[in-house]
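One structure is given below, encoded as structure tokens.
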6 protein chains.
Amino acid sequence: MQSLIEKADVLVEALPYMRRFVGKTIIIKYGGHAMTDDSLRASFAVDVVLLKFIGLKPVIVHGGGPQIAATLDRLGMESTFVEGLRVTDDETMDVVEMVLGGKVNREVVDSIQRAGGRSVGLTGSDGALLQVCRKQVNGKDIGRVGEIVEIDPRVLDSVSESGFIPVIAPIGVDRDGLTYNVNADEAAGGLASALESEKLMLLTDVEGVLDSEGTLISQIKAGEVEKYFLDGTITGGMIPKVRCCVDALEHGVSRAHIVDGRVLHAVLLEIFTDDAGVGTLLTP
Amino acid sequence: MQSLIEKADVLVEALPYMRRFVGKTIIIKYGGHAMTDDSLRASFAVDVVLLKFIGLKPVIVHGGGPQIAATLDRLGMESTFVEGLRVTDDETMDVVEMVLGGKVNREVVDSIQRAGGRSVGLTGSDGALLQVCRKQVNGKDIGRVGEIVEIDPRVLDSVSESGFIPVIAPIGVDRDGLTYNVNADEAAGGLASALESEKLMLLTDVEGVLDSEGTLISQIKAGEVEKYFLDGTITGGMIPKVRCCVDALEHGVSRAHIVDGRVLHAVLLEIFTDDAGVGTLLTP
Amino acid sequence: MQSLIEKADVLVEALPYMRRFVGKTIIIKYGGHAMTDDSLRASFAVDVVLLKFIGLKPVIVHGGGPQIAATLDRLGMESTFVEGLRVTDDETMDVVEMVLGGKVNREVVDSIQRAGGRSVGLTGSDGALLQVCRKQVNGKDIGRVGEIVEIDPRVLDSVSESGFIPVIAPIGVDRDGLTYNVNADEAAGGLASALESEKLMLLTDVEGVLDSEGTLISQIKAGEVEKYFLDGTITGGMIPKVRCCVDALEHGVSRAHIVDGRVLHAVLLEIFTDDAGVGTLLTP
Amino acid sequence: MQSLIEKADVLVEALPYMRRFVGKTIIIKYGGHAMTDDSLRASFAVDVVLLKFIGLKPVIVHGGGPQIAATLDRLGMESTFVEGLRVTDDETMDVVEMVLGGKVNREVVDSIQRAGGRSVGLTGSDGALLQVCRKQVNGKDIGRVGEIVEIDPRVLDSVSESGFIPVIAPIGVDRDGLTYNVNADEAAGGLASALESEKLMLLTDVEGVLDSEGTLISQIKAGEVEKYFLDGTITGGMIPKVRCCVDALEHGVSRAHIVDGRVLHAVLLEIFTDDAGVGTLLTP
Amino acid sequence: MQSLIEKADVLVEALPYMRRFVGKTIIIKYGGHAMTDDSLRASFAVDVVLLKFIGLKPVIVHGGGPQIAATLDRLGMESTFVEGLRVTDDETMDVVEMVLGGKVNREVVDSIQRAGGRSVGLTGSDGALLQVCRKQVNGKDIGRVGEIVEIDPRVLDSVSESGFIPVIAPIGVDRDGLTYNVNADEAAGGLASALESEKLMLLTDVEGVLDSEGTLISQIKAGEVEKYFLDGTITGGMIPKVRCCVDALEHGVSRAHIVDGRVLHAVLLEIFTDDAGVGTLLTP
Amino acid sequence: MQSLIEKADVLVEALPYMRRFVGKTIIIKYGGHAMTDDSLRASFAVDVVLLKFIGLKPVIVHGGGPQIAATLDRLGMESTFVEGLRVTDDETMDVVEMVLGGKVNREVVDSIQRAGGRSVGLTGSDGALLQVCRKQVNGKDIGRVGEIVEIDPRVLDSVSESGFIPVIAPIGVDRDGLTYNVNADEAAGGLASALESEKLMLLTDVEGVLDSEGTLISQIKAGEVEKYFLDGTITGGMIPKVRCCVDALEHGVSRAHIVDGRVLHAVLLEIFTDDAGVGTLLTP
């Protein structure tokens, strides 16, 4: 009986958090181990279904770099890179769309539905959700890589208000109806801004933002970020993620989180805990 | 971190129960220690607020016998009893209304609001919710004691759909607008039937229905009840409570529970557990 | 036949008044003889039901000083007074709540329902309708006497839009969920301001505002009030009533009336007559 | 003051009638003196506006025989009659439409609007409200005289629900879009049946149904009617009116009234009085 | 088959125009040959029904000068004229109302309904749609001729949103409920302004605005109009029509058209063609 | 001008068809040349956008056999066949999902959006739209090939009512969340039945149902079908298509069409023509 009462206490403790976030939109960039490890994937799915049930509006944006690479490999297609970005010719883009829209997206939808939710998979070309232009890198064209210029959220509103959890493949569409590969963090950040969402959550395969000695920085104010870049505290692949968060904060998102997706129930913990122990919190 | 993940597991385990009961009406008869002990009262209030938040529709019916007796005492008013029922003359009824409607009801409302809910206190005369006739006991008039003849649930629908938790004092009104004292268990049972509610829950100061040797009977089918009465398994004050449950089951209520109100979070445990350990479950 | 036609004429004459007030909220402070005399109480109830039927939104706030005093007396409880205000210790407050919320409020609800209306009794703690802080009188604490600091009208909207006539006992609640006695005129005035009501009507046991020679002043502009106070035209218990009206006028109420509640159908007459003969009209 | 209180009593007495009829549709055939006498016309208009205001749904169908005759006369057009019905050739029908739709209908609309209501004039061809076929009288064609075969009430619903009082000229339309003259009593009766209205009221220039000695029959059951026709109690022009009422009663109308339109406020009196003194009441 | 495919191409070509105008209000002044010639009348009716079906909101305002003149003639009534305007005494106004409201208006409604639409005929006194004052011409009273002072569009909204095509006879009503003749072009222009309509279309019996040599001017900017008046390019009866258009443009109407009503499907062509070949386009 | 008037005539002729089908759901199986030929694809897209605009509810189900075969080939994956059905192991199913959901589906969505429509691509696993069990062929398991057992149309309703044209890849999901390949004709037929659609239209690469001499059969009644199968009039791949149509007709679909997708605007022609010249019509 005592353990039952303790369980009830957990529910009761969660109430203030439920109340705070009810009706709020939460954008979650989903990827890495959380997407490939079976038990992490299941715990992610059930977390999202629980959030939806208690009245939040989770929106999932997934990546898929490794899966794309594997398929290109299998098809014997080689890629060149410019500044770390894959040059995406038309044939490569075909593979990107098939893998993101036809495989990864579907797997996320199916895992959420297996956890008891109702989900709809979308790409950014559905209802012209993610409208992009062609990205230039240092003046060089790198093919079908897109930069978000506008977002039409109506398709999200439609499925979200009908009780579905939208899962979005980061593919954009230009004015001529041509599709483009979009960075998933950027897509998540852009949606967070456009949907006036409460939270942006980026799941990663690290503990959070670490300083040069590998210690977790549990909270960063948007204003401190440039200093950390300059003094080398934040480096490498974390820089664009942090920029993406700061950009969302500047567009009205209340809180951005870089979360360790390797922890079971990482999403729930982030929502239902005050401590920033699960990762790094960025605030305006 | 591990303990946090276990907490998340508790939430995730609760999801199927939330899903099962969402939108369902739960009638709870509230009284005894659960109403007088400070920590039980607080845990009851927060349970009800949580149920409301996650989409159930709790409706509270409270008793108040001891509080009425204390006030009559203080006013030096004596009562006579017929078959264990207080003969309620007009002056006594005045005290009943003041104590139930002006004191006990208000305390329940205030405790729910302190737990973060929004609540409205009602009596059965508001909107002619509980319509009664004068009860006869073995052909004897016992004054202003009422028997429910009809229920007009519109006032409950109005406050319930606006997000309030209704708290009802068991006072009825007859066709001439005269008010009557109503047994709280009967009022709860009648409302459960009229509102096509999913559950009727009677909080008591015992473990549940006990057999003649004091062992808890954890589940009873409606059809077995008469046998238990005849063979002396169920006796005394538990008989009318069990009858009240059976009556509700016959009017379409799915499950009735006689629950030990002395356990912290008794209401939550009853909703979120499969085991009938918290008391006695009656099914059709 | 002729008398029938004259009756029809009365209805036709009432039409422009109905049209003017339809959809408007009217706050009525109810008390005194109008509440204790049987035929006045019945005529008040039917007036209010008629107003509701033809599309106005009457809201009743009642007092209960004499009833409280009688019960305290009966319980042998004595009170001390500061500046004419009863010092309200916790035990006294219990009695106040029982009498106002459990007796007087119920009687008003029942009389309205006997007249054919549907009514709901509320206190200012229901849905945190009347939020108060503890009143100081000349720096002295006088116990559980409250001063309104905020009003949350949602509970009123809910019951009012569902066709019920709300009847409010003047009890407020502070941030900790503790209840307080509130002056009924103040509660009526505060609600009139908060609900952007068209009219505030205070029923009294005098003809209206009388000058020093006992002649009725049938109309007063808000700007003239201070002059009347200074030159002794308005004195005594009428001063706070007039202040209460002026305060409501300053918060957007169109008209405030101090009406003689001893006249049959005083409320209807006030609504359906142009002449200010039934009492004193205060305008901005 | 006393006379004011008596006026208030009249309002209060009207309340049960208002309550009984609120939301109900009342079809009124309007014609005769009530339409041509200035003060009767004004009293009719204000009655209808009052009914609309307090929540009934009055629908007016007017006649116009004398006005048509006068205009035909003025144009030097002669008519032949078959069984008392004017043979209506195309040229005559042009005059009928102009007089009913362009003159009489407009006058009724304007008088209602002068009384403070909002009104819309319609003919039975608007929205194909009154769908007719060509009437044969004893096998003879009498031109553009129509018999109702179907009613499409959508145009009435549209204007009625937007707060307008519909005023209908008795003109029907056949499947080819050709218009026909329709008897106004028949149009009113047909609408009463089609709209499932509560009441059908035919205003006439007599006291009601009189027996052969000129005494008013204040109430008739539908089943007694044939007997009265056979024994000569009801004769002449009253026969089709009574038939029209009986037909409506058979189609679900609750009460039909043949009312003396020469009495001021005849419509209001009929609604707000129990006595059938204003005319003859026909019940199923 | 080829001709079928060409037909499909026509539909496809029409799509962008449908899309552009969907939900927009189009006011059409209807008169002249388009109203009297059988095949033009039928083509007008079907055009309007098609526009309504695909989601535009056509509103028809008709004239009727020749029909009024013919009826006055037949009744032997002579008219005097001031500045080209008929002096309209009360007797003449009776004829105007009968002809416009009872004959011309009905014919338009019936022709639209024969083409498969649902239509409602109104005059400007229905629901006080067109509120006028008495017009003075050079200080002279010319009787019941009205000048629009205000428009209450609620009756139009009501019928239009219920799927009906409103057809309006240009009759206005003053504050005393007296009706007046209104110029149909002015009524159409006034409605276009009041309803914030997209287009005002005046059907005429000429090709459009012609210059002094009889050549069509296919487009005019509002700012050029005065110059054309001064230099005699635009003269005679076209001046008030052009003024009427300019006035509408100044009140927010996007485009005004003076269209040759003698062309089959003139209305459709105007909507579904870019070329201004069907008449003269006036823009802000 | 004359050619413009002829174009207007085409629009006017289309009106009765628009009217007949407005609000009706039309399921279109899309595939073959219509999907691969550029101008046919563009004409299909614009047809569908036009239907949506004028108020029909088109739902597109596409195939993709050749595209799947090409990708399998490219990946060097060989397939075995049972009774003409590809044995679909897990690896093959991955390819099927990528090609159908990530490539073909996206191309259809993009072509519709380029034609000016708003579209959303779905697979049958979104919202558990197409629920299947594993198909057995003559008792042999052929892997991930599904047979429809239930349809949950909520996701379609959601996007369709928000103005989007749904495009569905024929992939189903079983109770365990595993996905399956579904025959596109079967998916279209199943949806037509479940959505109570007006029409089922199967686009093919032949003229329609041809008899053994190659002559088009323009109309077939459901009852005649078995005879045609037996006598060899209908053979080969046309048999399952015809069965699929008959099955839909038996479930309440009004008309099924096997249409020649190689004709420009085949869909529009089918909707806007009475002649069955564009293919074969099957009726109940």
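A note on labels: chains of the structure tokens are A, B, ... as shown, every chain counts residues from 1, and ligands are counted from 1 in their shown order.
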
| request: Pull out every residue of chain D sitting within 10 Å of chain E, counting only C-alpha atoms, and send them as a ChimeraX atom specification. | output: /D:71,74-76,94-107,109-115,117-129,154-166,173,175-179

| message | Considering only alpha helix (DSSP H) as DSSP defines it on the backbone, what residues of region 46-112 of chain D qualify? List them as a ChimeraX atom specification. | response | /D:46-53,65-74,90-99,105-112

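Once Asp141 (chain E) and its same-chain neighbours fewer than 4 positions away are set aside, E:Val82, E:Val87, E:Thr88, E:Arg134, E:Lys135, E:Gln136, E:Val137, E:Val145 remain within 10 Å of it when counting only C-alpha atoms.
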
Just to be explicit: take each residue in the selection above, keep N, CA and C atoms, and write the result as a tab-separated table (two decimals), in the first residue's frame.
chain	number	residue	atom	x	y	z
E	82	VAL	N	-38.57	67.81	-62.84
E	82	VAL	CA	-37.66	68.88	-62.44
E	82	VAL	C	-36.25	68.37	-62.66
E	87	VAL	N	-41.33	64.34	-60.59
E	87	VAL	CA	-41.91	64.76	-59.32
E	87	VAL	C	-42.86	63.65	-58.85
E	88	THR	N	-42.58	63.13	-57.67
E	88	THR	CA	-43.28	61.91	-57.22
E	88	THR	C	-44.23	62.23	-56.07
E	134	ARG	N	-35.40	63.07	-47.75
E	134	ARG	CA	-36.08	63.61	-48.92
E	134	ARG	C	-35.08	64.45	-49.73
E	135	LYS	N	-35.04	64.20	-51.02
E	135	LYS	CA	-34.06	64.88	-51.87
E	135	LYS	C	-34.59	66.26	-52.28
E	136	GLN	N	-33.71	67.21	-52.28
E	136	GLN	CA	-34.04	68.53	-52.82
E	136	GLN	C	-33.30	68.71	-54.14
E	137	VAL	N	-33.94	69.21	-55.16
E	137	VAL	CA	-33.23	69.52	-56.40
E	137	VAL	C	-33.22	71.03	-56.60
E	145	VAL	N	-38.86	61.46	-53.48
E	145	VAL	CA	-37.62	60.99	-54.08
E	145	VAL	C	-36.56	61.02	-52.99

| Long-range neighbours of Asp260 (chain A) as an MDAnalysis selection string, 10 Å cut-off, only C-alpha atoms, 2 positions minimum in chain | chainID A and resid 32:34 202:209 257:258 262:264 266:267 270 277:280

| field | Backbone-only DSSP, strand (DSSP E) members of region 7-189 of chain D, as number ranges by chain | value | D: 25-30, 57-62, 81-82, 85-86, 119-123, 130-137, 140-151, 165-169, 171-173, 179-181

Just to be explicit: take each residue in the selection above, keep N, CA and C atoms, and write the result as a short mmCIF file (atom, residue, chain, number, x, y, z; two decimals), in the first residue's frame.
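Output (part-v8.cif):
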data_model
loop_
_atom_site.label_atom_id
_atom_site.label_comp_id
_atom_site.auth_asym_id
_atom_site.auth_seq_id
_atom_site.Cartn_x
_atom_site.Cartn_y
_atom_site.Cartn_z
N THR D 25 -43.90 29.14 -32.86
CA THR D 25 -44.31 29.85 -34.06
C THR D 25 -45.82 30.07 -34.04
N ILE D 26 -46.22 31.30 -34.36
CA ILE D 26 -47.64 31.66 -34.40
C ILE D 26 -47.92 32.23 -35.79
N ILE D 27 -48.82 31.59 -36.52
CA ILE D 27 -49.17 32.11 -37.85
C ILE D 27 -50.42 32.96 -37.73
N ILE D 28 -50.35 34.18 -38.22
CA ILE D 28 -51.49 35.08 -38.12
C ILE D 28 -51.93 35.51 -39.51
N LYS D 29 -53.18 35.15 -39.86
CA LYS D 29 -53.77 35.68 -41.09
C LYS D 29 -54.31 37.05 -40.76
N TYR D 30 -53.83 38.05 -41.49
CA TYR D 30 -54.12 39.45 -41.18
C TYR D 30 -54.92 40.03 -42.33
N LYS D 57 -42.41 33.53 -32.25
CA LYS D 57 -42.04 33.72 -33.65
C LYS D 57 -43.30 33.97 -34.48
N PRO D 58 -43.78 35.22 -34.49
CA PRO D 58 -44.96 35.49 -35.30
C PRO D 58 -44.62 35.53 -36.79
N VAL D 59 -45.52 34.96 -37.59
CA VAL D 59 -45.41 35.02 -39.05
C VAL D 59 -46.74 35.55 -39.56
N ILE D 60 -46.69 36.63 -40.35
CA ILE D 60 -47.93 37.27 -40.81
C ILE D 60 -48.22 36.88 -42.25
N VAL D 61 -49.45 36.46 -42.52
CA VAL D 61 -49.90 36.26 -43.90
C VAL D 61 -51.06 37.21 -44.11
N HIS D 62 -50.96 38.05 -45.12
CA HIS D 62 -52.04 39.02 -45.30
C HIS D 62 -52.85 38.69 -46.53
N PHE D 81 -66.51 35.46 -62.34
CA PHE D 81 -66.32 34.63 -61.16
C PHE D 81 -66.86 33.23 -61.39
N VAL D 82 -66.20 32.23 -60.88
CA VAL D 82 -66.69 30.85 -60.90
C VAL D 82 -66.75 30.38 -59.45
N LEU D 85 -65.02 32.43 -56.98
CA LEU D 85 -63.59 32.69 -57.15
C LEU D 85 -63.37 33.50 -58.42
N ARG D 86 -62.52 34.53 -58.32
CA ARG D 86 -62.25 35.39 -59.47
C ARG D 86 -61.42 34.62 -60.50
N SER D 119 -38.77 44.02 -39.96
CA SER D 119 -39.64 43.13 -40.71
C SER D 119 -39.14 42.97 -42.14
N VAL D 120 -39.48 41.83 -42.74
CA VAL D 120 -39.14 41.58 -44.14
C VAL D 120 -40.40 41.11 -44.85
N GLY D 121 -40.71 41.74 -45.97
CA GLY D 121 -41.85 41.33 -46.76
C GLY D 121 -41.45 40.28 -47.78
N LEU D 122 -42.27 39.26 -47.91
CA LEU D 122 -41.98 38.17 -48.84
C LEU D 122 -43.24 37.84 -49.61
N THR D 123 -43.08 37.20 -50.77
CA THR D 123 -44.23 36.54 -51.35
C THR D 123 -43.90 35.06 -51.35
N LEU D 130 -44.04 29.01 -51.24
CA LEU D 130 -45.34 28.37 -51.47
C LEU D 130 -45.37 27.77 -52.86
N GLN D 131 -45.30 26.47 -52.95
CA GLN D 131 -45.29 25.80 -54.25
C GLN D 131 -46.69 25.29 -54.54
N VAL D 132 -47.20 25.68 -55.69
CA VAL D 132 -48.61 25.40 -55.98
C VAL D 132 -48.77 24.69 -57.32
N CYS D 133 -49.99 24.13 -57.49
CA CYS D 133 -50.41 23.71 -58.82
C CYS D 133 -51.66 24.51 -59.16
N ARG D 134 -52.08 24.43 -60.40
CA ARG D 134 -53.23 25.21 -60.87
C ARG D 134 -54.50 24.57 -60.32
N LYS D 135 -55.35 25.41 -59.74
CA LYS D 135 -56.57 24.90 -59.11
C LYS D 135 -57.66 24.70 -60.16
N GLN D 136 -58.37 23.62 -60.02
CA GLN D 136 -59.55 23.40 -60.85
C GLN D 136 -60.78 23.58 -59.96
N VAL D 137 -61.80 24.27 -60.45
CA VAL D 137 -63.04 24.35 -59.69
C VAL D 137 -64.12 23.62 -60.47
N LYS D 140 -63.41 23.14 -63.92
CA LYS D 140 -63.17 24.31 -64.77
C LYS D 140 -61.87 25.00 -64.39
N ASP D 141 -61.15 25.43 -65.41
CA ASP D 141 -59.94 26.20 -65.17
C ASP D 141 -60.35 27.62 -64.84
N ILE D 142 -59.78 28.17 -63.78
CA ILE D 142 -60.11 29.57 -63.44
C ILE D 142 -58.85 30.43 -63.49
N GLY D 143 -57.88 29.99 -64.27
CA GLY D 143 -56.70 30.81 -64.52
C GLY D 143 -55.66 30.64 -63.45
N ARG D 144 -54.97 31.72 -63.14
CA ARG D 144 -53.81 31.68 -62.26
C ARG D 144 -54.22 31.67 -60.79
N VAL D 145 -55.00 30.67 -60.40
CA VAL D 145 -55.35 30.48 -58.98
C VAL D 145 -54.69 29.18 -58.53
N GLY D 146 -53.94 29.26 -57.43
CA GLY D 146 -53.09 28.12 -57.07
C GLY D 146 -53.56 27.37 -55.85
N GLU D 147 -53.18 26.12 -55.80
CA GLU D 147 -53.47 25.26 -54.67
C GLU D 147 -52.11 24.77 -54.14
N ILE D 148 -51.89 24.93 -52.85
CA ILE D 148 -50.57 24.63 -52.28
C ILE D 148 -50.28 23.14 -52.36
N VAL D 149 -49.10 22.77 -52.89
CA VAL D 149 -48.72 21.35 -52.90
C VAL D 149 -47.49 21.08 -52.03
N GLU D 150 -46.67 22.11 -51.83
CA GLU D 150 -45.51 21.91 -50.98
C GLU D 150 -45.01 23.25 -50.46
N ILE D 151 -44.35 23.21 -49.30
CA ILE D 151 -43.84 24.44 -48.69
C ILE D 151 -42.36 24.25 -48.38
N ILE D 165 -39.49 39.91 -38.54
CA ILE D 165 -40.86 39.38 -38.58
C ILE D 165 -41.24 39.23 -40.05
N PRO D 166 -41.45 38.00 -40.52
CA PRO D 166 -41.81 37.84 -41.93
C PRO D 166 -43.27 38.17 -42.19
N VAL D 167 -43.50 38.87 -43.28
CA VAL D 167 -44.85 39.24 -43.72
C VAL D 167 -45.01 38.68 -45.13
N ILE D 168 -46.02 37.84 -45.32
CA ILE D 168 -46.09 37.05 -46.56
C ILE D 168 -47.33 37.39 -47.37
N ALA D 169 -47.09 37.75 -48.64
CA ALA D 169 -48.20 37.93 -49.57
C ALA D 169 -48.56 36.57 -50.15
N ILE D 171 -48.97 34.58 -52.59
CA ILE D 171 -48.73 34.29 -54.01
C ILE D 171 -47.88 33.03 -54.05
N GLY D 172 -48.28 32.08 -54.89
CA GLY D 172 -47.52 30.84 -55.00
C GLY D 172 -46.81 30.74 -56.33
N VAL D 173 -45.98 29.73 -56.47
CA VAL D 173 -45.23 29.57 -57.70
C VAL D 173 -45.28 28.08 -58.10
N THR D 179 -46.34 32.36 -61.41
CA THR D 179 -46.94 32.71 -60.12
C THR D 179 -48.46 32.60 -60.16
N TYR D 180 -49.05 32.36 -58.98
CA TYR D 180 -50.50 32.16 -58.85
C TYR D 180 -51.01 32.87 -57.61
N ASN D 181 -52.25 33.28 -57.68
CA ASN D 181 -52.96 33.84 -56.55
C ASN D 181 -53.36 32.68 -55.62
#

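The protein and nucleic acid residues lying at most 12 Å from Phe229 (chain C) are Val209, Asp211, Ser212, Ala222, Gly223, Glu224, Val225, Thr233, Ile234, Thr235, Gly236, Gly237, Met238, Ile239, Pro240, Val242 and Arg243 of chain C, with only C-alpha atoms considered and sequence neighbours fewer than 4 positions away removed.
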
| field | Gap from CA of Asn138 (chain E) to CA of Leu210 (chain E) - Å, one decimal | value | 28.9 Å

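As for CA of Gln219 (chain A) and CA of Leu282 (chain A), they are spaced 5.8 Å apart.
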
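Look at Thr283 (chain B): the protein and nucleic acid residues within 9 Å of it, using only C-alpha atoms and passing over chain neighbours fewer than 3 places away, are Gln219, Ile220, Lys221, Ala222, Cys245, Val246, Leu249, Val253, Ser254, Arg255, Ala256 and His257 of chain B.
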
Could you save the residues just selected, with N, CA and C atoms, as a CSV table (one decimal), in the first residue's frame?
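Result saved to selection31.csv:
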chain,number,residue,atom,x,y,z
B,219,GLN,N,-14.3,-8.0,-3.7
B,219,GLN,CA,-15.2,-7.8,-4.8
B,219,GLN,C,-16.5,-8.5,-4.6
B,220,ILE,N,-17.6,-7.9,-4.9
B,220,ILE,CA,-18.9,-8.5,-4.8
B,220,ILE,C,-19.7,-8.2,-6.1
B,221,LYS,N,-20.4,-9.3,-6.5
B,221,LYS,CA,-21.3,-9.0,-7.7
B,221,LYS,C,-22.7,-8.7,-7.1
B,222,ALA,N,-23.4,-7.8,-7.8
B,222,ALA,CA,-24.7,-7.3,-7.4
B,222,ALA,C,-25.6,-8.5,-7.0
B,245,CYS,N,-25.2,1.1,-3.5
B,245,CYS,CA,-24.3,0.7,-4.6
B,245,CYS,C,-25.1,-0.1,-5.6
B,246,VAL,N,-25.7,-1.1,-5.1
B,246,VAL,CA,-26.4,-2.1,-6.0
B,246,VAL,C,-27.5,-1.3,-6.8
B,249,LEU,N,-25.8,0.4,-9.6
B,249,LEU,CA,-25.4,-0.5,-10.6
B,249,LEU,C,-26.6,-0.9,-11.5
B,253,VAL,N,-24.8,2.5,-13.7
B,253,VAL,CA,-23.4,2.8,-13.2
B,253,VAL,C,-22.5,1.6,-13.4
B,254,SER,N,-21.3,1.7,-13.9
B,254,SER,CA,-20.5,0.6,-14.3
B,254,SER,C,-19.9,-0.1,-13.0
B,255,ARG,N,-19.4,0.7,-12.1
B,255,ARG,CA,-18.7,0.2,-10.9
B,255,ARG,C,-19.0,1.0,-9.7
B,256,ALA,N,-19.2,0.4,-8.6
B,256,ALA,CA,-19.4,1.1,-7.4
B,256,ALA,C,-18.3,0.6,-6.4
B,257,HIS,N,-17.8,1.5,-5.6
B,257,HIS,CA,-16.7,1.2,-4.7
B,257,HIS,C,-17.0,1.7,-3.3
